[in-house]
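Data block for protein-v4.cif (mmCIF, C-alpha atoms):
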data_upload
#
loop_
_atom_site.label_atom_id
_atom_site.label_comp_id
_atom_site.auth_asym_id
_atom_site.auth_seq_id
_atom_site.Cartn_x
_atom_site.Cartn_y
_atom_site.Cartn_z
CA MET A 227 0.00 0.00 0.00
CA ARG A 228 1.07 3.62 -0.51
CA ALA A 229 2.20 5.57 2.55
CA VAL A 230 3.87 8.91 3.33
CA ARG A 231 6.75 8.16 5.71
CA PHE A 232 9.01 10.49 7.68
CA TYR A 233 12.64 9.39 8.06
CA THR A 234 14.48 12.45 9.32
CA LYS A 235 14.90 16.18 8.72
CA ARG A 236 13.83 17.08 5.16
CA ASP A 237 13.38 13.40 4.34
CA ILE A 238 9.77 12.39 3.65
CA ARG A 239 9.18 9.55 1.19
CA VAL A 240 6.09 8.19 -0.54
CA GLU A 241 6.64 4.44 -0.45
CA ASP A 242 4.95 1.11 -0.96
CA VAL A 243 4.69 -0.70 2.40
CA PRO A 244 2.90 -3.89 3.48
CA GLU A 245 -0.75 -3.57 4.46
CA PRO A 246 -1.81 -4.53 7.98
CA SER A 247 -2.14 -8.29 8.19
CA GLY A 248 -3.41 -10.87 10.63
CA ARG A 249 -6.56 -11.11 12.69
CA LEU A 250 -7.87 -7.93 14.30
CA GLY A 251 -7.85 -7.82 18.08
CA ASP A 252 -11.22 -7.78 19.79
CA THR A 253 -11.12 -4.00 20.30
CA GLN A 254 -9.34 -3.04 17.08
CA VAL A 255 -10.66 -1.40 13.92
CA LEU A 256 -9.19 -1.58 10.41
CA VAL A 257 -9.76 1.68 8.52
CA ALA A 258 -9.01 3.12 5.10
CA PRO A 259 -7.93 6.75 5.63
CA ALA A 260 -9.87 9.09 3.35
CA ILE A 261 -8.24 12.49 3.69
CA CYS A 262 -5.66 13.93 6.05
CA GLY A 263 -4.50 17.43 6.99
CA ILE A 264 -0.88 18.52 7.22
CA CYS A 265 -0.37 19.89 10.73
CA GLY A 266 2.14 22.39 12.09
CA THR A 267 3.62 19.51 14.10
CA ASP A 268 4.26 17.64 10.84
CA LEU A 269 5.99 20.74 9.47
CA HIS A 270 8.21 21.00 12.56
CA GLU A 271 9.23 17.36 12.10
CA PHE A 272 10.03 18.03 8.44
CA ILE A 273 12.23 21.07 9.04
CA ALA A 274 13.89 20.10 12.34
CA GLY A 275 12.98 16.51 13.28
CA PRO A 276 12.90 13.98 14.59
CA ILE A 277 11.31 15.78 17.55
CA VAL A 278 8.33 13.72 18.72
CA THR A 279 8.63 10.97 16.11
CA PRO A 280 10.40 8.03 17.81
CA LYS A 281 14.09 7.34 17.12
CA GLU A 282 13.80 4.52 19.67
CA PRO A 283 10.69 2.33 19.99
CA ASN A 284 7.88 4.28 21.66
CA ALA A 285 7.24 2.88 25.14
CA LEU A 286 3.48 2.75 24.60
CA THR A 287 3.12 1.71 20.96
CA GLY A 288 6.48 0.23 19.99
CA ALA A 289 6.62 2.47 16.91
CA THR A 290 9.92 3.72 15.55
CA LEU A 291 11.13 5.63 12.51
CA PRO A 292 10.31 5.67 9.65
CA GLN A 293 6.88 6.95 10.72
CA ILE A 294 3.72 7.02 8.60
CA LEU A 295 2.54 10.58 9.07
CA GLY A 296 -0.95 11.96 9.55
CA HIS A 297 -2.92 12.59 12.75
CA GLU A 298 -5.71 14.86 11.38
CA PHE A 299 -7.77 12.44 9.33
CA SER A 300 -11.06 10.84 8.48
CA ALA A 301 -11.48 7.26 7.32
CA ARG A 302 -13.89 4.56 6.23
CA VAL A 303 -14.23 1.48 8.42
CA VAL A 304 -13.07 -1.70 6.67
CA GLY A 305 -13.41 -4.20 9.49
CA THR A 306 -13.85 -4.46 13.26
CA GLY A 307 -12.88 -6.73 16.13
CA SER A 308 -15.51 -8.85 17.85
CA ALA A 309 -15.99 -6.41 20.76
CA VAL A 310 -16.48 -3.31 18.59
CA HIS A 311 -20.13 -2.28 18.17
CA HIS A 312 -20.18 1.53 17.78
CA VAL A 313 -18.95 1.46 14.16
CA LYS A 314 -19.32 -0.95 11.27
CA ALA A 315 -17.80 -1.51 7.84
CA GLY A 316 -18.47 1.43 5.52
CA ASP A 317 -18.99 4.04 8.25
CA LEU A 318 -17.29 7.42 7.93
CA VAL A 319 -15.28 8.08 11.08
CA SER A 320 -13.02 10.76 12.52
CA ILE A 321 -9.82 9.69 14.22
CA GLN A 322 -8.98 10.96 17.71
CA PRO A 323 -5.22 10.34 17.65
CA LEU A 324 -4.15 10.57 21.31
CA MET A 325 -3.60 7.48 23.43
CA ALA A 326 -2.24 6.67 26.88
CA PRO A 327 -2.06 3.65 29.20
CA ALA A 328 -5.45 2.92 30.75
CA ASP A 329 -3.99 3.01 34.27
CA ASP A 330 -2.25 6.36 33.75
CA TYR A 331 -2.82 8.95 36.51
CA TYR A 332 -4.28 11.50 34.09
CA ALA A 333 -6.17 9.03 31.90
CA ARG A 334 -8.01 7.73 34.97
CA ARG A 335 -9.20 11.28 35.61
CA GLY A 336 -10.46 11.92 32.07
CA LEU A 337 -7.33 13.91 31.20
CA LEU A 338 -5.69 11.48 28.79
CA HIS A 339 -4.16 14.35 26.79
CA LEU A 340 -1.93 15.23 29.77
CA SER A 341 -0.38 11.78 30.12
CA GLU A 342 3.40 11.72 30.38
CA LYS A 343 3.30 8.51 28.30
CA LEU A 344 1.26 9.98 25.47
CA GLY A 345 1.28 8.25 22.11
CA VAL A 346 -0.09 9.82 18.92
CA ILE A 347 -1.38 8.09 15.81
CA GLY A 348 0.60 9.46 12.86
CA LEU A 349 3.51 10.63 15.04
CA SER A 350 4.43 7.80 17.42
CA HIS A 351 2.26 4.86 16.34
CA PRO A 352 2.79 2.17 13.68
CA TRP A 353 0.03 3.64 11.51
CA GLY A 354 -1.03 7.10 10.35
CA GLY A 355 -3.55 8.93 8.22
CA MET A 356 -1.24 9.25 5.20
CA GLY A 357 -1.37 5.53 4.48
CA ALA A 358 -3.93 3.44 2.63
CA ARG A 359 -4.82 1.34 5.69
CA ALA A 360 -4.43 1.61 9.47
CA VAL A 361 -5.22 -0.59 12.46
CA LEU A 362 -6.42 1.46 15.43
CA ASP A 363 -7.90 0.95 18.85
CA ALA A 364 -11.68 1.30 18.87
CA GLY A 365 -11.49 4.18 21.34
CA ASN A 366 -9.70 6.30 18.75
CA VAL A 367 -12.33 5.73 16.06
CA ILE A 368 -15.24 8.15 16.42
CA HIS A 369 -18.47 7.84 14.44
CA VAL A 370 -19.63 11.14 12.96
CA PRO A 371 -23.16 12.38 12.17
CA ALA A 372 -24.68 11.68 8.78
CA GLY A 373 -24.05 14.54 6.38
CA LEU A 374 -20.52 15.38 7.49
CA THR A 375 -18.01 15.27 4.64
CA GLU A 376 -14.68 13.50 4.74
CA VAL A 377 -12.95 16.88 4.94
CA GLN A 378 -15.11 18.07 7.84
CA ALA A 379 -14.53 14.82 9.73
CA ALA A 380 -10.76 15.15 9.24
CA LEU A 381 -10.78 18.72 10.55
CA ILE A 382 -12.32 17.79 13.90
CA GLU A 383 -8.80 17.22 15.30
CA PRO A 384 -7.38 20.74 14.69
CA ALA A 385 -10.82 22.20 15.46
CA ALA A 386 -10.57 20.56 18.89
CA VAL A 387 -7.45 22.61 19.62
CA ALA A 388 -9.36 25.79 18.75
CA VAL A 389 -12.51 24.94 20.72
CA TYR A 390 -10.46 24.02 23.78
CA ALA A 391 -8.70 27.41 23.65
CA VAL A 392 -12.05 29.19 23.35
CA ASP A 393 -13.41 27.16 26.26
CA ARG A 394 -10.45 28.07 28.42
CA GLY A 395 -10.91 31.71 27.42
CA ARG A 396 -14.48 31.65 28.78
CA VAL A 397 -15.84 33.05 25.54
CA HIS A 398 -19.64 33.32 25.54
CA ALA A 399 -22.48 35.18 23.83
CA GLY A 400 -21.55 38.85 23.52
CA SER A 401 -17.83 38.43 24.25
CA SER A 402 -15.20 40.60 22.61
CA VAL A 403 -12.24 38.51 21.45
CA LEU A 404 -8.80 39.04 19.93
CA VAL A 405 -7.17 36.16 18.05
CA SER A 406 -3.46 36.75 17.53
CA GLY A 407 -2.27 34.78 14.50
CA ALA A 408 -4.30 33.75 11.45
CA GLY A 409 -2.66 30.46 10.60
CA PRO A 410 -4.79 27.29 10.48
CA ILE A 411 -5.33 27.16 14.26
CA GLY A 412 -5.92 30.91 14.45
CA ALA A 413 -8.50 30.73 11.66
CA LEU A 414 -10.28 27.82 13.35
CA THR A 415 -10.16 29.72 16.64
CA LEU A 416 -11.90 32.67 15.00
CA LEU A 417 -14.63 30.31 13.79
CA ALA A 418 -14.88 28.67 17.22
CA ALA A 419 -15.15 32.05 18.98
CA ARG A 420 -17.94 33.10 16.63
CA ALA A 421 -19.70 29.77 17.20
CA ALA A 422 -19.44 30.40 20.97
CA GLY A 423 -21.26 33.70 20.53
CA ALA A 424 -18.47 36.30 20.35
CA SER A 425 -19.99 39.50 18.99
CA THR A 426 -16.81 41.50 18.37
CA LEU A 427 -13.85 39.69 16.83
CA PHE A 428 -10.38 41.08 16.11
CA VAL A 429 -7.59 39.23 14.31
CA SER A 430 -3.94 40.30 14.38
CA GLU A 431 -1.74 38.92 11.59
CA PRO A 432 1.33 40.40 9.83
CA ASN A 433 0.96 38.30 6.66
CA PRO A 434 -1.38 40.16 4.28
CA ASN A 435 -2.55 36.97 2.54
CA ARG A 436 -3.55 35.34 5.80
CA LEU A 437 -5.15 38.54 7.09
CA ARG A 438 -7.26 38.69 3.93
CA LYS A 439 -8.22 35.01 4.25
CA ALA A 440 -9.26 35.52 7.86
CA GLN A 441 -11.72 38.18 6.75
CA GLU A 442 -13.11 35.82 4.10
CA ILE A 443 -13.41 32.93 6.56
CA VAL A 444 -15.13 34.97 9.28
CA PRO A 445 -17.00 37.95 7.77
CA GLY A 446 -17.12 40.97 10.06
CA VAL A 447 -13.82 40.28 11.83
CA ILE A 448 -11.77 43.46 12.46
CA PRO A 449 -8.32 43.02 10.85
CA ILE A 450 -5.11 44.33 12.41
CA ASP A 451 -1.62 44.26 10.90
CA PRO A 452 0.60 44.50 14.02
CA ARG A 453 3.56 45.75 11.97
CA HIS A 454 1.79 48.92 10.85
CA ASP A 455 -1.46 49.31 12.82
CA ASP A 456 -1.98 50.57 16.37
CA LEU A 457 -3.31 47.32 17.84
CA PRO A 458 -4.16 48.68 21.33
CA GLY A 459 -5.71 51.79 19.79
CA ILE A 460 -7.92 49.85 17.38
CA ILE A 461 -9.10 47.60 20.19
CA ARG A 462 -9.82 50.54 22.51
CA LYS A 463 -11.81 52.22 19.73
CA ASN A 464 -13.97 49.13 19.18
CA THR A 465 -14.65 47.94 22.74
CA GLU A 466 -17.05 49.33 25.33
CA SER A 467 -15.54 52.33 27.14
CA GLY A 468 -12.22 51.48 25.48
CA VAL A 469 -11.36 48.90 28.14
CA GLY A 470 -10.10 46.15 25.82
CA VAL A 471 -11.27 42.68 24.87
CA ASP A 472 -12.73 40.15 27.28
CA THR A 473 -10.49 37.40 25.90
CA ALA A 474 -7.26 37.32 23.89
CA LEU A 475 -6.23 34.02 22.27
CA GLU A 476 -2.54 33.67 21.35
CA CYS A 477 -2.20 31.28 18.39
CA VAL A 478 1.34 32.00 17.21
CA GLY A 479 3.77 30.93 19.91
CA HIS A 480 5.73 34.21 19.90
CA GLU A 481 6.54 36.50 22.82
CA GLY A 482 5.53 39.66 20.94
CA SER A 483 2.16 38.12 20.18
CA LEU A 484 1.68 37.04 23.80
CA ASN A 485 2.57 40.48 25.16
CA ALA A 486 0.23 42.11 22.63
CA CYS A 487 -2.58 39.91 23.96
CA VAL A 488 -1.83 41.08 27.50
CA GLN A 489 -1.92 44.70 26.34
CA ALA A 490 -5.20 44.17 24.50
CA VAL A 491 -7.21 42.40 27.18
CA ARG A 492 -9.33 44.33 29.70
CA ARG A 493 -8.76 44.23 33.43
CA GLN A 494 -9.81 40.83 34.78
CA GLY A 495 -9.83 39.53 31.22
CA VAL A 496 -8.40 36.19 30.09
CA VAL A 497 -5.34 35.50 27.93
CA VAL A 498 -5.06 31.99 26.50
CA GLN A 499 -1.71 30.67 25.28
CA ALA A 500 -2.62 28.19 22.53
CA GLY A 501 0.37 28.61 20.20
CA LEU A 502 3.44 26.50 20.98
CA HIS A 503 6.55 28.48 21.91
CA VAL A 504 9.87 27.05 20.72
CA ARG A 505 11.98 29.28 23.00
CA ALA A 506 11.71 31.16 26.28
CA ALA A 507 9.67 34.38 26.23
CA SER A 508 10.26 37.68 28.01
CA VAL A 509 6.99 38.76 29.66
CA GLU A 510 5.70 41.38 32.13
CA PRO A 511 4.12 39.63 35.14
CA MET A 512 3.74 42.99 36.88
CA LEU A 513 1.36 44.07 34.13
CA TRP A 514 -0.57 40.83 34.60
CA ALA A 515 -0.94 41.74 38.26
CA LEU A 516 -1.87 45.39 37.62
CA LYS A 517 -4.60 44.28 35.24
CA ASP A 518 -5.66 41.38 37.52
CA ILE A 519 -5.87 39.09 34.50
CA THR A 520 -5.98 35.32 34.13
CA ILE A 521 -3.33 33.56 32.02
CA GLU A 522 -4.38 30.15 30.71
CA ALA A 523 -2.29 27.68 28.72
CA THR A 524 -3.56 24.75 26.67
CA TRP A 525 -2.12 21.46 25.51
CA CYS A 526 -4.02 19.53 22.84
CA TYR A 527 -7.63 18.97 23.96
CA PRO A 528 -9.81 16.72 26.14
CA VAL A 529 -10.40 13.67 23.95
CA GLN A 530 -14.11 13.50 24.85
CA ILE A 531 -14.68 16.73 22.90
CA TRP A 532 -15.11 14.92 19.54
CA PRO A 533 -18.92 14.42 19.50
CA ARG A 534 -19.50 18.01 20.57
CA ILE A 535 -17.43 19.42 17.71
CA ALA A 536 -18.99 17.03 15.20
CA SER A 537 -22.45 18.23 16.25
CA MET A 538 -21.37 21.89 15.91
CA ILE A 539 -20.20 21.20 12.35
CA ALA A 540 -23.35 19.26 11.51
CA ALA A 541 -25.50 22.14 12.81
CA GLY A 542 -23.75 24.56 10.45
CA ILE A 543 -22.43 26.86 13.18
CA PHE A 544 -18.79 25.77 12.81
CA PRO A 545 -17.85 25.76 9.08
CA VAL A 546 -14.36 24.33 9.54
CA GLU A 547 -14.01 23.51 5.84
CA ARG A 548 -13.47 27.21 5.12
CA VAL A 549 -9.84 26.95 6.26
CA VAL A 550 -8.92 24.47 3.51
CA THR A 551 -6.96 26.11 0.69
CA ALA A 552 -5.86 23.02 -1.29
CA THR A 553 -6.36 19.28 -1.60
CA ILE A 554 -3.46 17.32 -3.06
CA ASP A 555 -2.57 13.73 -3.88
CA ALA A 556 -0.20 11.94 -1.52
CA ALA A 557 2.29 11.53 -4.35
CA ASP A 558 2.82 15.32 -4.33
CA VAL A 559 2.94 15.75 -0.55
CA VAL A 560 6.45 17.21 -0.29
CA ARG A 561 6.40 19.75 -3.11
CA GLU A 562 2.73 20.76 -3.07
CA GLY A 563 2.16 20.17 0.64
CA PHE A 564 5.11 20.67 2.98
CA GLU A 565 7.10 23.03 0.76
CA ALA A 566 3.99 25.04 -0.11
CA LEU A 567 3.12 25.52 3.57
CA LEU A 568 6.68 26.63 4.33
CA ASN A 569 6.52 29.31 1.63
CA PRO A 570 6.85 32.64 3.50
CA SER A 571 4.16 34.22 1.30
CA GLY A 572 1.62 32.31 3.39
CA GLU A 573 -0.75 31.66 0.49
CA HIS A 574 -2.08 28.49 2.10
CA LEU A 575 -3.74 27.74 5.44
CA LYS A 576 -4.74 24.09 5.55
CA ILE A 577 -3.65 21.62 2.87
CA MET A 578 -5.42 18.27 2.83
CA VAL A 579 -3.82 15.10 1.48
CA ALA A 580 -5.93 12.51 -0.34
CA THR A 581 -4.60 9.11 0.57
#
Will you turn the file into structure tokens for me?
Amino acid sequence: MRAVRFYTKRDIRVEDVPEPSGRLGDTQVLVAPAICGICGTDLHEFIAGPIVTPKEPNALTGATLPQILGHEFSARVVGTGSAVHHVKAGDLVSIQPLMAPADDYYARRGLLHLSEKLGVIGLSHPWGGMGARAVLDAGNVIHVPAGLTEVQAALIEPAAVAVYAVDRGRVHAGSSVLVSGAGPIGALTLLAARAAGASTLFVSEPNPNRLRKAQEIVPGVIPIDPRHDDLPGIIRKNTESGVGVDTALECVGHEGSLNACVQAVRRQGVVVQAGLHVRAASVEPMLWALKDITIEATWCYPVQIWPRIASMIAAGIFPVERVVTATIDAADVVREGFEALLNPSGEHLKIMVAT
């Protein structure tokens, strides 16, 4: 079968590998991945890895490089183990890629995503969404409502990151919200904030292509180019009594972006750090104290969030498919996928790979 496999920095190959063989375990599901998104984590592996992909066998899954990539994907069920009853052959499913030992401290408390022994399908697991077949545990295979497309089902994973950030930001009907960064997660966060009821939305983004796309994806959003515009001034002008936004969501992973969020939020507002920082940041805790604000930080998402997001998409209030800017064949994944997303012009947001 065809599979996209990561070997090391700048070394991704489209290869023919053996299909899964043997009898399925009682709680296993054989799926045929349908479509898969390229994630920022995949890009980091490509330009600087291996980072989270396993050079030594993963303690939980036994996986090691080369790794079949893809953790944002939908699939069709091909077969199920004898104890699997929530899905059947032919069903469209969305894959929740996180896994941890059942007896893990955090997993026992419904916080599987915080496990110190976390494994991830498509990053540290024998199978991934950029292969023609995958064998997965039944708990990672989530049935989706009738009417969802393969693309929508695949986008539940990155959408979960956005919804979790919005949840932690306490966004509700009538909230004013700043999203800093209009990459794929930033764009989905804008959509999630609007779905939560935010009435005034700002987006800060220095790339003009992405700033334009953000306005197309979420009509009515107030655009800010932080290189040239007066971000605090624009926010003061467009919030009640000029106090600032209720919530600022940092989706870049950059200290300047984080500090801008702190400047923009009102007293007793909430700043959520959703972007992943790759280095230490210089911040102003005294300003946090003077403004009496709450700083939240997020890691992945609670895995039980899948049905909620699927229902939001099915209801039409969370049009996640708007962030997709291209769909490519797996054979072209390096040139038209990874290299295109690394182009500094930022012409693309989310590129989907047809497997």
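Once Ala289 of chain A and its same-chain neighbours fewer than 6 positions away are set aside, Pro280, Pro283, Ser350, His351 and Pro352 of chain A remain within 7 Å of it when counting only C-alpha atoms.
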>> Suppose a student applies the PyMOL selection byres ((chain A and resi 453) around 10) to this structure; what residues should they get, written as a ChimeraX atom specification?
In response: /A:430-433,450-452,454-457
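With only C-alpha atoms taken into account, the protein and nucleic acid residues at most 9 Å from Thr551 of chain A (excluding it and anything under 3 positions from it in its own chain) are Arg548, Glu573, His574, Leu575, Lys576, Ile577 and Met578 of chain A.
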Here atom CA of Leu362 of chain A and atom CA of Phe299 of chain A stand apart by 12.6 Å
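Interatomic distance, atom CA of Gly275 of chain A to atom CA of Thr290 of chain A: 13.3 Å.
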